[in-house]
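S.K.: My structure file entry_38.csv, CSV, C-alpha atoms, is below:
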chain,number,residue,atom,x,y,z
A,25,MET,CA,-11.3,-34.6,18.1
A,26,ALA,CA,-9.2,-31.6,18.8
A,27,LYS,CA,-10.4,-29.5,21.6
A,28,GLU,CA,-8.9,-26.2,20.6
A,29,MET,CA,-9.1,-24.1,17.5
A,30,ARG,CA,-6.7,-21.6,15.9
A,31,PHE,CA,-8.0,-18.1,16.4
A,32,ASP,CA,-6.7,-15.4,14.1
A,33,LEU,CA,-7.8,-11.8,14.1
A,34,VAL,CA,-6.3,-9.7,11.3
A,35,SER,CA,-6.9,-6.1,10.1
A,36,PRO,CA,-5.4,-4.6,7.0
A,37,GLU,CA,-2.7,-3.0,9.0
A,38,ARG,CA,-1.7,-5.7,11.4
A,39,ARG,CA,-2.3,-9.1,12.9
A,40,LEU,CA,-4.0,-8.5,16.3
A,41,ALA,CA,-4.2,-11.9,17.6
A,42,SER,CA,-3.2,-15.5,16.8
A,43,PHE,CA,-3.5,-18.2,19.4
A,44,GLU,CA,-5.3,-21.4,20.3
A,45,ALA,CA,-8.8,-20.8,21.7
A,46,ASP,CA,-11.4,-23.2,23.2
A,47,GLU,CA,-14.3,-21.2,21.9
A,48,VAL,CA,-14.8,-17.9,20.1
A,49,LEU,CA,-17.9,-15.7,20.0
A,50,VAL,CA,-18.3,-13.6,16.9
A,51,PRO,CA,-21.0,-11.0,16.2
A,52,GLY,CA,-22.5,-12.4,13.0
A,53,SER,CA,-24.7,-10.2,10.9
A,54,GLU,CA,-27.7,-12.4,11.6
A,55,GLY,CA,-26.8,-13.0,15.3
A,56,ASP,CA,-24.0,-13.9,17.6
A,57,ILE,CA,-22.2,-17.2,16.8
A,58,THR,CA,-20.1,-19.1,19.3
A,59,ALA,CA,-17.8,-21.5,17.5
A,60,MET,CA,-15.8,-24.4,19.0
A,61,ALA,CA,-13.5,-26.9,17.5
A,62,GLY,CA,-15.2,-29.1,15.0
A,63,HIS,CA,-17.6,-26.4,13.8
A,64,MET,CA,-19.2,-26.8,10.4
A,65,PRO,CA,-17.3,-24.7,7.8
A,66,LEU,CA,-19.0,-21.3,7.6
A,67,ILE,CA,-18.4,-17.9,6.2
A,68,THR,CA,-20.3,-15.1,7.8
A,69,ILE,CA,-20.4,-11.3,7.6
A,70,LEU,CA,-19.9,-9.5,11.0
A,71,ARG,CA,-21.6,-6.5,12.4
A,72,PRO,CA,-19.8,-4.1,14.6
A,73,GLY,CA,-19.4,-5.7,17.9
A,74,ILE,CA,-17.2,-7.7,20.3
A,75,VAL,CA,-15.3,-10.8,19.5
A,76,ARG,CA,-14.6,-12.9,22.6
A,77,ALA,CA,-12.0,-15.7,22.5
A,78,ARG,CA,-11.8,-18.0,25.4
A,79,GLY,CA,-8.4,-19.7,25.6
A,80,GLY,CA,-6.2,-21.4,28.1
A,81,ASP,CA,-5.2,-18.1,29.7
A,82,GLY,CA,-8.6,-16.6,30.1
A,83,ASP,CA,-10.9,-14.5,27.9
A,84,ARG,CA,-9.6,-12.0,25.4
A,85,GLU,CA,-12.0,-9.5,23.9
A,86,PHE,CA,-11.7,-7.4,20.8
A,87,VAL,CA,-13.9,-4.7,19.3
A,88,VAL,CA,-14.3,-5.0,15.5
A,89,SER,CA,-15.9,-2.7,13.0
A,90,GLY,CA,-17.5,-5.4,11.0
A,91,GLY,CA,-15.8,-7.5,8.3
A,92,PHE,CA,-16.2,-11.3,8.1
A,93,ALA,CA,-15.2,-14.5,9.8
A,94,GLU,CA,-14.2,-17.8,8.2
A,95,ILE,CA,-14.9,-20.7,10.4
A,96,THR,CA,-13.5,-24.2,9.8
A,97,ALA,CA,-13.3,-27.3,12.0
A,98,THR,CA,-9.9,-26.3,13.2
A,99,ALA,CA,-9.6,-22.6,12.8
A,100,LEU,CA,-11.5,-19.4,13.0
A,101,SER,CA,-10.2,-16.3,11.2
A,102,VAL,CA,-11.7,-12.9,11.7
A,103,LEU,CA,-10.9,-10.3,9.0
A,104,ALA,CA,-12.0,-6.9,10.2
A,105,GLU,CA,-11.4,-3.5,8.6
A,106,ARG,CA,-10.8,-2.0,12.0
A,107,ALA,CA,-10.2,-3.8,15.2
A,108,LEU,CA,-8.8,-3.1,18.6
A,109,PRO,CA,-8.3,-5.0,21.9
A,110,ARG,CA,-11.3,-4.1,24.1
A,111,ASP,CA,-9.3,-2.2,26.7
A,112,GLU,CA,-7.7,0.1,24.1
A,113,VAL,CA,-11.1,1.1,22.7
A,114,THR,CA,-12.0,4.8,23.3
A,115,ALA,CA,-15.0,6.8,22.7
A,116,ASP,CA,-13.1,8.5,19.9
A,117,PHE,CA,-12.7,5.2,18.1
A,118,LEU,CA,-16.4,4.5,18.3
A,119,ASP,CA,-17.2,8.0,17.0
A,120,ALA,CA,-14.9,7.4,14.1
A,121,LEU,CA,-16.7,4.1,13.4
A,122,ALA,CA,-20.1,5.7,13.7
A,123,ASN,CA,-19.2,8.3,11.1
A,124,ASP,CA,-18.2,5.7,8.6
A,125,PRO,CA,-21.2,3.4,7.8
A,126,GLY,CA,-19.5,2.3,4.6
A,127,SER,CA,-22.8,2.1,2.7
A,128,ASP,CA,-25.3,4.5,1.2
A,129,ASP,CA,-28.2,2.2,1.7
A,130,PRO,CA,-30.5,3.8,4.3
A,131,ASP,CA,-31.6,0.4,5.7
A,132,ALA,CA,-28.0,-0.8,6.1
A,133,THR,CA,-27.0,2.5,7.6
A,134,ALA,CA,-29.8,2.4,10.2
A,135,LYS,CA,-28.8,-1.1,11.2
A,136,TYR,CA,-25.2,0.0,11.4
A,137,THR,CA,-26.1,2.9,13.6
A,138,ALA,CA,-28.1,0.7,15.9
A,139,ASP,CA,-25.2,-1.8,16.1
A,140,ILE,CA,-22.8,0.9,17.0
A,141,ALA,CA,-25.2,2.2,19.7
A,142,ALA,CA,-25.5,-1.3,21.1
A,143,LEU,CA,-21.8,-1.6,21.1
A,144,ARG,CA,-21.4,1.7,22.9
A,145,ALA,CA,-23.9,0.5,25.6
A,146,ALA,CA,-22.1,-2.8,26.0
A,147,LEU,CA,-18.8,-1.0,26.4
A,148,GLY,CA,-20.2,1.7,28.6
A,149,LEU,CA,-18.5,4.4,26.5
B,125,MET,CA,42.7,26.2,-15.7
B,126,PRO,CA,40.6,27.0,-12.7
B,127,SER,CA,42.3,28.9,-9.9
B,128,LEU,CA,43.2,27.2,-6.6
B,129,LYS,CA,40.3,29.0,-4.9
B,130,ASP,CA,37.8,27.9,-7.5
B,131,LEU,CA,38.9,24.3,-7.0
B,132,ARG,CA,38.7,24.5,-3.2
B,133,ASN,CA,35.2,25.9,-3.5
B,134,ARG,CA,34.1,23.1,-5.8
B,135,ILE,CA,35.5,20.5,-3.5
B,136,ASP,CA,33.7,22.0,-0.5
B,137,SER,CA,30.4,22.1,-2.4
B,138,VAL,CA,30.7,18.5,-3.6
B,139,ARG,CA,31.5,17.5,-0.1
B,140,SER,CA,28.4,19.1,1.3
B,141,THR,CA,26.3,17.5,-1.4
B,142,ARG,CA,27.8,14.1,-0.4
B,143,LYS,CA,26.7,14.8,3.2
B,144,ILE,CA,23.2,15.4,2.1
B,145,THR,CA,22.9,12.4,-0.1
B,146,LYS,CA,24.4,10.2,2.6
B,147,ALA,CA,21.9,11.5,5.1
B,148,MET,CA,19.0,10.9,2.6
B,149,GLN,CA,20.3,7.4,2.0
B,150,MET,CA,20.2,6.6,5.7
B,151,VAL,CA,16.8,8.1,6.2
B,152,ALA,CA,15.5,6.0,3.3
B,153,ALA,CA,17.1,2.9,4.8
B,154,ALA,CA,15.3,3.5,8.1
B,155,LYS,CA,12.0,4.2,6.3
B,156,LEU,CA,12.4,1.2,4.1
B,157,ARG,CA,12.5,-1.0,7.1
B,158,ARG,CA,9.3,0.4,8.4
B,159,ALA,CA,7.6,0.2,5.0
B,160,GLN,CA,8.7,-3.4,4.6
B,161,ASP,CA,7.2,-4.2,8.1
B,162,GLU,CA,4.0,-2.6,7.1
B,163,ALA,CA,3.8,-4.5,3.9
B,164,GLU,CA,4.5,-7.7,5.8
B,165,ASN,CA,1.8,-6.9,8.4
B,166,ALA,CA,-0.8,-6.3,5.7
B,167,ARG,CA,-0.2,-9.6,3.9
B,168,PRO,CA,-2.3,-12.0,6.1
B,169,TYR,CA,-5.4,-9.9,5.6
B,170,THR,CA,-5.1,-9.6,1.9
B,171,GLU,CA,-4.2,-13.2,1.4
B,172,ARG,CA,-7.2,-14.4,3.4
B,173,LEU,CA,-9.6,-12.0,1.8
B,174,ASN,CA,-8.4,-13.0,-1.7
B,175,ALA,CA,-8.7,-16.7,-0.8
B,176,VAL,CA,-12.2,-16.4,0.4
B,177,MET,CA,-13.3,-14.2,-2.5
B,178,ALA,CA,-11.7,-16.5,-5.0
B,179,GLY,CA,-13.7,-19.4,-3.6
B,180,LEU,CA,-16.9,-17.4,-3.6
B,181,SER,CA,-16.4,-15.9,-7.1
B,182,GLU,CA,-15.9,-19.4,-8.6
B,183,SER,CA,-19.4,-20.4,-7.7
B,184,ALA,CA,-20.9,-17.0,-8.5
B,185,ARG,CA,-19.3,-17.0,-12.0
B,186,ALA,CA,-20.6,-20.5,-12.5
B,187,SER,CA,-24.1,-19.4,-11.7
B,188,GLY,CA,-23.6,-16.6,-14.2
B,189,HIS,CA,-25.2,-13.7,-12.3
B,190,GLY,CA,-22.6,-12.4,-9.9
B,191,PRO,CA,-22.3,-8.8,-8.8
B,192,LYS,CA,-21.0,-6.3,-11.4
B,193,LEU,CA,-17.8,-5.8,-9.6
B,194,LEU,CA,-17.0,-9.4,-10.3
B,195,THR,CA,-18.5,-10.0,-13.7
B,196,GLY,CA,-18.0,-6.6,-15.1
B,197,THR,CA,-20.5,-4.4,-16.9
B,198,GLY,CA,-20.5,-6.6,-20.0
B,199,ARG,CA,-18.6,-4.0,-21.9
B,200,ASP,CA,-15.0,-3.2,-22.4
B,201,ASP,CA,-15.1,0.3,-23.8
B,202,VAL,CA,-14.0,2.7,-21.1
B,203,HIS,CA,-10.8,2.0,-19.1
B,204,LEU,CA,-9.8,3.7,-15.9
B,205,LEU,CA,-6.1,3.7,-15.2
B,206,VAL,CA,-5.2,4.5,-11.6
B,207,VAL,CA,-1.5,5.5,-11.6
B,208,MET,CA,0.0,5.4,-8.2
B,209,THR,CA,3.4,7.1,-7.8
B,210,ALA,CA,5.3,8.9,-5.1
B,211,GLU,CA,4.9,12.5,-3.8
B,212,ARG,CA,8.6,13.1,-4.0
B,213,GLY,CA,11.4,12.8,-6.5
B,214,LEU,CA,15.0,11.9,-6.0
B,215,CYS,CA,14.3,8.2,-6.0
B,216,GLY,CA,16.0,7.1,-9.2
B,217,GLY,CA,13.7,5.7,-11.9
B,218,PHE,CA,10.9,4.8,-9.5
B,219,ASN,CA,8.3,7.3,-10.7
B,220,SER,CA,9.1,7.2,-14.4
B,221,SER,CA,9.1,3.4,-14.5
B,222,ILE,CA,5.5,3.4,-13.3
B,223,VAL,CA,4.5,6.2,-15.7
B,224,ARG,CA,6.2,4.4,-18.6
B,225,LEU,CA,4.2,1.3,-18.0
B,226,ALA,CA,1.0,3.3,-17.7
B,227,LYS,CA,1.8,5.2,-20.9
B,228,THR,CA,2.5,2.0,-22.9
B,229,LYS,CA,-0.8,0.5,-21.6
B,230,ALA,CA,-2.7,3.8,-22.4
B,231,GLN,CA,-1.3,3.9,-25.9
B,232,GLU,CA,-2.2,0.3,-26.5
B,233,LEU,CA,-5.8,0.9,-25.3
B,234,ALA,CA,-6.1,4.1,-27.3
B,235,ALA,CA,-4.8,2.3,-30.4
B,236,SER,CA,-7.6,-0.3,-30.0
B,237,GLY,CA,-10.2,2.4,-29.8
B,238,LYS,CA,-11.0,2.4,-26.1
B,239,THR,CA,-11.8,5.4,-24.1
B,240,LEU,CA,-9.4,6.3,-21.4
B,241,ARG,CA,-9.7,8.0,-18.0
B,242,ILE,CA,-6.9,8.4,-15.6
B,243,ILE,CA,-6.7,9.0,-11.9
B,244,THR,CA,-3.3,9.8,-10.5
B,245,VAL,CA,-2.2,9.2,-7.0
B,246,GLY,CA,0.9,11.1,-6.0
B,247,LYS,CA,2.2,14.3,-7.4
B,248,LYS,CA,5.1,12.9,-9.5
B,249,GLY,CA,2.9,10.8,-11.7
B,250,ARG,CA,0.6,13.6,-12.4
B,251,GLU,CA,3.4,15.9,-13.4
B,252,GLN,CA,4.7,13.4,-15.9
B,253,LEU,CA,1.3,12.4,-17.4
B,254,LYS,CA,-0.1,15.9,-17.6
B,255,ARG,CA,1.8,16.7,-20.8
B,256,GLU,CA,0.6,13.8,-22.9
B,257,PHE,CA,-2.7,12.8,-21.2
B,258,GLY,CA,-3.7,16.0,-19.4
B,259,ASP,CA,-7.3,16.1,-20.6
B,260,LEU,CA,-7.8,12.4,-19.7
B,261,ILE,CA,-7.0,12.9,-16.0
B,262,VAL,CA,-10.3,12.9,-14.2
B,263,ASP,CA,-9.0,13.1,-10.7
B,264,HIS,CA,-5.9,13.4,-8.6
B,265,VAL,CA,-5.4,12.1,-5.1
B,266,ASP,CA,-2.8,14.0,-3.0
B,267,LEU,CA,-1.1,12.0,-0.3
B,268,SER,CA,1.6,14.6,0.4
B,269,ALA,CA,-0.2,15.5,3.7
B,270,VAL,CA,-0.4,11.9,4.8
B,271,LYS,CA,2.7,11.0,6.8
B,272,ARG,CA,2.1,7.3,7.0
B,273,VAL,CA,-0.1,5.7,4.4
B,274,GLY,CA,-2.8,3.8,6.2
B,275,TYR,CA,-5.7,1.7,5.3
B,276,ALA,CA,-7.9,4.8,5.5
B,277,SER,CA,-6.1,6.4,2.5
B,278,ALA,CA,-6.7,3.2,0.5
B,279,GLN,CA,-10.4,3.3,1.5
B,280,ASP,CA,-10.7,6.8,0.3
B,281,ILE,CA,-9.3,6.0,-3.1
B,282,ALA,CA,-11.4,2.9,-3.3
B,283,GLY,CA,-14.5,4.8,-2.4
B,284,ASN,CA,-13.8,7.3,-5.1
B,285,ILE,CA,-13.3,4.6,-7.7
B,286,LEU,CA,-16.3,2.6,-6.6
B,287,ALA,CA,-18.5,5.7,-6.8
B,288,ARG,CA,-17.4,6.3,-10.3
B,289,PHE,CA,-18.0,2.7,-11.2
B,290,ASP,CA,-21.5,2.8,-9.8
B,291,ALA,CA,-22.1,5.9,-11.8
B,292,GLY,CA,-21.1,4.0,-14.9
B,293,GLU,CA,-18.1,6.1,-15.7
B,294,PHE,CA,-15.9,3.2,-16.7
B,295,ASP,CA,-16.0,-0.6,-17.4
B,296,VAL,CA,-12.5,-1.8,-16.4
B,297,ALA,CA,-10.1,-0.4,-13.8
B,298,THR,CA,-6.4,-1.1,-13.5
B,299,ILE,CA,-4.0,0.1,-10.9
B,300,PHE,CA,-0.3,0.8,-11.6
B,301,PHE,CA,2.4,0.6,-8.9
B,302,ASN,CA,5.9,-0.7,-8.3
B,303,THR,CA,6.2,-4.2,-6.7
B,304,PHE,CA,9.0,-4.4,-4.2
B,305,ARG,CA,11.5,-7.2,-5.1
B,306,THR,CA,14.7,-6.1,-3.6
B,307,VAL,CA,16.4,-2.7,-2.7
B,308,ILE,CA,17.8,-2.5,-6.2
B,309,ALA,CA,14.9,-4.1,-8.1
B,310,GLN,CA,11.4,-2.8,-8.3
B,311,GLU,CA,9.0,-4.1,-10.8
B,312,PRO,CA,6.3,-1.8,-12.3
B,313,THR,CA,3.1,-3.8,-12.1
B,314,ALA,CA,-0.4,-3.4,-13.5
B,315,VAL,CA,-3.3,-5.1,-11.7
B,316,GLN,CA,-6.9,-5.1,-12.9
B,317,ILE,CA,-9.1,-4.5,-9.9
B,318,ILE,CA,-12.5,-4.1,-11.6
B,319,PRO,CA,-13.9,-6.6,-12.7
B,320,ALA,CA,-12.0,-8.5,-10.0
B,321,SER,CA,-9.8,-11.3,-11.3
B,322,PHE,CA,-8.3,-13.9,-9.1
B,323,ASP,CA,-5.4,-16.0,-10.2
B,324,SER,CA,-4.0,-18.9,-8.2
B,325,VAL,CA,-7.2,-20.4,-6.9
B,326,GLY,CA,-5.0,-23.4,-6.7
B,327,SER,CA,-5.8,-27.0,-5.9
B,328,ASP,CA,-6.0,-26.3,-2.2
B,329,ALA,CA,-9.3,-24.5,-2.9
B,330,ALA,CA,-11.3,-23.7,0.2
B,331,PRO,CA,-13.4,-26.5,1.5
B,332,PHE,CA,-17.1,-26.3,1.0
B,333,HIS,CA,-18.5,-23.6,3.3
B,334,ASP,CA,-21.9,-22.6,4.5
B,335,HIS,CA,-22.7,-19.0,4.1
B,336,GLU,CA,-24.5,-16.5,6.3
B,337,PRO,CA,-26.5,-14.6,5.2
B,338,ASP,CA,-25.9,-16.0,1.6
B,339,GLU,CA,-23.2,-16.1,-0.9
B,340,GLU,CA,-24.4,-13.2,-2.9
B,341,ALA,CA,-24.7,-10.9,0.1
B,342,ILE,CA,-21.2,-11.9,1.3
B,343,LEU,CA,-19.7,-11.2,-2.1
B,344,ASP,CA,-21.5,-7.8,-2.2
B,345,THR,CA,-19.8,-6.8,1.0
B,346,LEU,CA,-16.5,-8.4,0.3
B,347,LEU,CA,-15.8,-7.1,-3.3
B,348,PRO,CA,-15.6,-3.4,-2.3
B,349,ARG,CA,-13.3,-4.4,0.5
B,350,GLY,CA,-11.2,-6.4,-2.0
B,351,VAL,CA,-10.8,-3.3,-4.1
B,352,ALA,CA,-9.7,-1.3,-1.0
B,353,ALA,CA,-7.3,-4.1,0.0
B,354,ARG,CA,-5.7,-4.3,-3.4
B,355,ILE,CA,-5.2,-0.6,-3.5
B,356,PHE,CA,-3.8,-0.7,0.0
B,357,SER,CA,-1.3,-3.4,-0.8
B,358,GLY,CA,-0.4,-1.5,-4.0
B,359,LEU,CA,0.3,1.6,-1.8
B,360,LEU,CA,2.4,-0.4,0.6
B,361,GLU,CA,4.4,-2.0,-2.2
B,362,ASN,CA,4.9,1.5,-3.6
B,363,GLY,CA,6.0,2.8,-0.2
B,364,ALA,CA,8.7,0.1,0.2
B,365,SER,CA,9.7,0.4,-3.5
B,366,GLU,CA,10.0,4.2,-3.2
B,367,GLN,CA,12.3,4.0,-0.2
B,368,GLY,CA,14.4,1.2,-1.8
B,369,ALA,CA,14.8,3.1,-5.0
B,370,ARG,CA,15.7,6.3,-3.1
B,371,MET,CA,18.2,4.4,-1.1
B,372,SER,CA,20.0,2.9,-4.0
B,373,ALA,CA,19.8,6.2,-6.0
B,374,MET,CA,21.3,8.1,-3.0
B,375,ASP,CA,23.9,5.4,-2.5
B,376,SER,CA,25.2,5.8,-6.0
B,377,ALA,CA,25.0,9.6,-5.7
B,378,THR,CA,27.1,9.4,-2.6
B,379,ARG,CA,29.7,7.2,-4.3
B,380,ASN,CA,29.8,9.5,-7.3
B,381,ALA,CA,30.4,12.5,-5.1
B,382,GLY,CA,33.2,10.7,-3.3
B,383,GLU,CA,34.9,9.9,-6.7
B,384,MET,CA,34.5,13.5,-7.8
B,385,ILE,CA,36.1,14.7,-4.6
B,386,ASP,CA,39.1,12.4,-5.1
B,387,ARG,CA,39.5,13.7,-8.7
B,388,LEU,CA,39.2,17.3,-7.7
B,389,THR,CA,41.6,16.9,-4.8
B,390,ILE,CA,44.2,15.4,-7.2
B,391,GLU,CA,43.7,18.3,-9.5
B,392,PHE,CA,43.9,20.8,-6.7
B,393,ASN,CA,47.2,19.3,-5.4
B,394,ARG,CA,48.6,19.3,-8.8
B,395,SER,CA,47.9,22.9,-9.5
B,396,ARG,CA,49.2,23.8,-6.0
B,397,GLN,CA,52.4,22.0,-6.8
B,398,ALA,CA,52.6,23.8,-10.1
B,399,VAL,CA,52.2,27.2,-8.3
B,400,ILE,CA,55.0,26.3,-5.9
B,401,THR,CA,57.3,25.1,-8.7
B,402,ASN,CA,56.7,28.3,-10.6
B,403,GLU,CA,57.5,30.5,-7.6
B,404,LEU,CA,60.8,28.5,-7.0
B,405,ILE,CA,61.8,28.9,-10.6
B,406,GLU,CA,61.1,32.7,-10.4
B,407,ILE,CA,63.3,32.9,-7.2
B,408,ILE,CA,66.1,30.9,-8.7
B,409,SER,CA,66.2,32.7,-12.0
B,410,GLY,CA,66.1,35.9,-10.1
B,411,ALA,CA,69.1,34.9,-8.0
B,412,GLU,CA,71.0,33.7,-11.1
B,413,ALA,CA,70.5,37.0,-12.8
B,414,LEU,CA,72.2,38.9,-10.0
Please express what this file holds, its structure, as structure tokens.
M.R.:
Amino acid sequence: MAKEMRFDLVSPERRLASFEADEVLVPGSEGDITAMAGHMPLITILRPGIVRARGGDGDREFVVSGGFAEITATALSVLAERALPRDEVTADFLDALANDPGSDDPDATAKYTADIAALRAALGL
Amino acid sequence: MPSLKDLRNRIDSVRSTRKITKAMQMVAAAKLRRAQDEAENARPYTERLNAVMAGLSESARASGHGPKLLTGTGRDDVHLLVVMTAERGLCGGFNSSIVRLAKTKAQELAASGKTLRIITVGKKGREQLKREFGDLIVDHVDLSAVKRVGYASAQDIAGNILARFDAGEFDVATIFFNTFRTVIAQEPTAVQIIPASFDSVGSDAAPFHDHEPDEEAILDTLLPRGVAARIFSGLLENGASEQGARMSAMDSATRNAGEMIDRLTIEFNRSRQAVITNELIEIISGAEAL
């Protein structure tokens, strides 16, 4: 069985990452999921959070605004409306995210705000 | 017969026009490169999103109760046409080819008794549609302040359209834009975005997936994004097409100006020669008379 899986992170404007990873952690809407090669095929919605991909050359982290992930046995693609490598994220970026909940539903908006707050705390911004 | 001075002035003015069109052509070439890169970068996202949605919508359709964005409102009475054109002219037939397609479609729909609403994106399309369909234009999106069309612009337009859909203002939405084929060929295209239709589900259909939270919730989040993604790719295709059309229009304008300069120069030289000959004849006949 293959040990690595193909990890792709794309946003509408560009492809941010595409490499082989040992394991990838994605912030699923129902809880974090770590996927390794051979994972059951799964499509999940993402909440705003951090995607962490562990590859041969160390960890790489990205902040995503939500979106969804498609997991298969050999590949994991994250499609995010907005995404940035973790070290390029600024407080302004988070503010912009916070102002754009993308839904009118009060429950969804409350959850979104909480997710952004958690993300802010995790990043220390 | 124009005087020598007139001719010289005309040659100078054509020459400076040629300089301008040449500069515009080069600017368009540089912008075209960037626009093509942007379109290229956007492709993976749109393709994946469409593939996943196509897979999901298959099963939702089969079950018969999918979200409205997918199955439609059950009616086909009110059509929304989103006509996306450029903010600037001087790009050959770029704007009018889109408008022509939209007009044909609008007349077809009107003939079959449908109600029409139009949203224009870009100043040029609005100007051309205003005369005939002025009272049908419900909204206009101005992108002239936007230097680089980003996903945010597409999201704004999509938000506007989705809000109208939720309010029940229309049943079917179609976007119009130019698909970029080559620098000299752009193809006016109409794509129906609501209810969403997916062609080319293909035989390599996605393997069976588990879904979290569940298929319906995923479709609910994905479909609005799909609308935005389609508008975004339409905008990008338009951006590349506009620059391509401008580039070839300016190229032929430059060539035209060159030909005109050659013609005028020949005419100028001829009349100069005629003037010299005249003067010589006068001198000689003067000398002979003495």
S.K.: So how far away is atom CA of A:Gly91 from atom CA of A:Ile140, in Å?
M.R.: 14.0 Å
S.K.: For chain B, which residues have at least one atom within 6 Å of chain A, if we go by only C-alpha atoms? Write them as a list in words, please.
M.R.: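 The selection requested is Asn165, Ala166, Tyr169, His333, Asp334, His335 and Glu336 of chain B.
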S.K.: Could you tell me how far atom CA of B:Gly258 lies from atom CA of B:Gly216, in Å and to one decimal?
M.R.: 23.9 Å
S.K.: Pick out the residues sitting within 9 Å of B:Gly350, and hand them over as a VMD selection string; count only C-alpha atoms, and ignore anything fewer than 2 positions along from it in its own chain.
M.R.: chain B and resid 170 173 to 174 177 317 320 346 to 348 352 to 355
S.K.: Fewer than 2 positions away in the same chain doesn't count, so skip those; otherwise give me all residues within 12 Å of B:Thr197, counting only C-alpha atoms, as JSON, numbers by chain.
M.R.: {"B": [189, 190, 191, 192, 193, 194, 195, 199, 200, 201, 202, 203, 289, 290, 291, 292, 293, 294, 295, 296, 297, 318, 319, 320]}
S.K.: Keeping only C-alpha atoms, take the residues you just selected and write them out as a JSON list (two decimals), in the coordinates of the input.
M.R.:
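Generated file (selection.json):
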[["chain", "number", "residue", "atom", "x", "y", "z"],
["B", 189, "HIS", "CA", -25.20, -13.70, -12.30],
["B", 190, "GLY", "CA", -22.60, -12.40, -9.90],
["B", 191, "PRO", "CA", -22.30, -8.80, -8.80],
["B", 192, "LYS", "CA", -21.00, -6.30, -11.40],
["B", 193, "LEU", "CA", -17.80, -5.80, -9.60],
["B", 194, "LEU", "CA", -17.00, -9.40, -10.30],
["B", 195, "THR", "CA", -18.50, -10.00, -13.70],
["B", 199, "ARG", "CA", -18.60, -4.00, -21.90],
["B", 200, "ASP", "CA", -15.00, -3.20, -22.40],
["B", 201, "ASP", "CA", -15.10, 0.30, -23.80],
["B", 202, "VAL", "CA", -14.00, 2.70, -21.10],
["B", 203, "HIS", "CA", -10.80, 2.00, -19.10],
["B", 289, "PHE", "CA", -18.00, 2.70, -11.20],
["B", 290, "ASP", "CA", -21.50, 2.80, -9.80],
["B", 291, "ALA", "CA", -22.10, 5.90, -11.80],
["B", 292, "GLY", "CA", -21.10, 4.00, -14.90],
["B", 293, "GLU", "CA", -18.10, 6.10, -15.70],
["B", 294, "PHE", "CA", -15.90, 3.20, -16.70],
["B", 295, "ASP", "CA", -16.00, -0.60, -17.40],
["B", 296, "VAL", "CA", -12.50, -1.80, -16.40],
["B", 297, "ALA", "CA", -10.10, -0.40, -13.80],
["B", 318, "ILE", "CA", -12.50, -4.10, -11.60],
["B", 319, "PRO", "CA", -13.90, -6.60, -12.70],
["B", 320, "ALA", "CA", -12.00, -8.50, -10.00]]
S.K.: Got a moment to write stretch 239-247 of chain B out with N, CA, C and O atoms, as a PDB file, in the first residue's frame?
M.R.:
ATOM      1  N   THR B 239     -40.957  35.918 -19.370  1.00  0.00           N
ATOM      2  CA  THR B 239     -40.615  37.228 -18.841  1.00  0.00           C
ATOM      3  C   THR B 239     -39.093  37.314 -18.735  1.00  0.00           C
ATOM      4  O   THR B 239     -38.436  36.340 -18.363  1.00  0.00           O
ATOM      5  N   LEU B 240     -38.572  38.490 -19.049  1.00  0.00           N
ATOM      6  CA  LEU B 240     -37.120  38.647 -19.045  1.00  0.00           C
ATOM      7  C   LEU B 240     -36.687  39.656 -18.010  1.00  0.00           C
ATOM      8  O   LEU B 240     -37.366  40.643 -17.759  1.00  0.00           O
ATOM      9  N   ARG B 241     -35.547  39.367 -17.403  1.00  0.00           N
ATOM     10  CA  ARG B 241     -34.866  40.380 -16.608  1.00  0.00           C
ATOM     11  C   ARG B 241     -33.412  40.331 -17.013  1.00  0.00           C
ATOM     12  O   ARG B 241     -32.893  39.263 -17.344  1.00  0.00           O
ATOM     13  N   ILE B 242     -32.750  41.466 -16.964  1.00  0.00           N
ATOM     14  CA  ILE B 242     -31.360  41.507 -17.413  1.00  0.00           C
ATOM     15  C   ILE B 242     -30.499  42.176 -16.349  1.00  0.00           C
ATOM     16  O   ILE B 242     -30.900  43.193 -15.763  1.00  0.00           O
ATOM     17  N   ILE B 243     -29.359  41.576 -16.075  1.00  0.00           N
ATOM     18  CA  ILE B 243     -28.340  42.239 -15.263  1.00  0.00           C
ATOM     19  C   ILE B 243     -27.132  42.426 -16.161  1.00  0.00           C
ATOM     20  O   ILE B 243     -26.702  41.479 -16.822  1.00  0.00           O
ATOM     21  N   THR B 244     -26.616  43.626 -16.218  1.00  0.00           N
ATOM     22  CA  THR B 244     -25.430  43.839 -17.043  1.00  0.00           C
ATOM     23  C   THR B 244     -24.212  43.982 -16.142  1.00  0.00           C
ATOM     24  O   THR B 244     -24.271  44.573 -15.073  1.00  0.00           O
ATOM     25  N   VAL B 245     -23.123  43.399 -16.589  1.00  0.00           N
ATOM     26  CA  VAL B 245     -21.838  43.563 -15.930  1.00  0.00           C
ATOM     27  C   VAL B 245     -20.935  44.220 -16.958  1.00  0.00           C
ATOM     28  O   VAL B 245     -20.748  43.680 -18.047  1.00  0.00           O
ATOM     29  N   GLY B 246     -20.419  45.389 -16.630  1.00  0.00           N
ATOM     30  CA  GLY B 246     -19.587  46.093 -17.610  1.00  0.00           C
ATOM     31  C   GLY B 246     -20.394  47.119 -18.369  1.00  0.00           C
ATOM     32  O   GLY B 246     -21.501  46.859 -18.821  1.00  0.00           O
ATOM     33  N   LYS B 247     -19.797  48.291 -18.509  1.00  0.00           N
ATOM     34  CA  LYS B 247     -20.486  49.455 -19.043  1.00  0.00           C
ATOM     35  C   LYS B 247     -20.930  49.265 -20.490  1.00  0.00           C
ATOM     36  O   LYS B 247     -22.015  49.677 -20.879  1.00  0.00           O
TER      37      LYS B 247
END
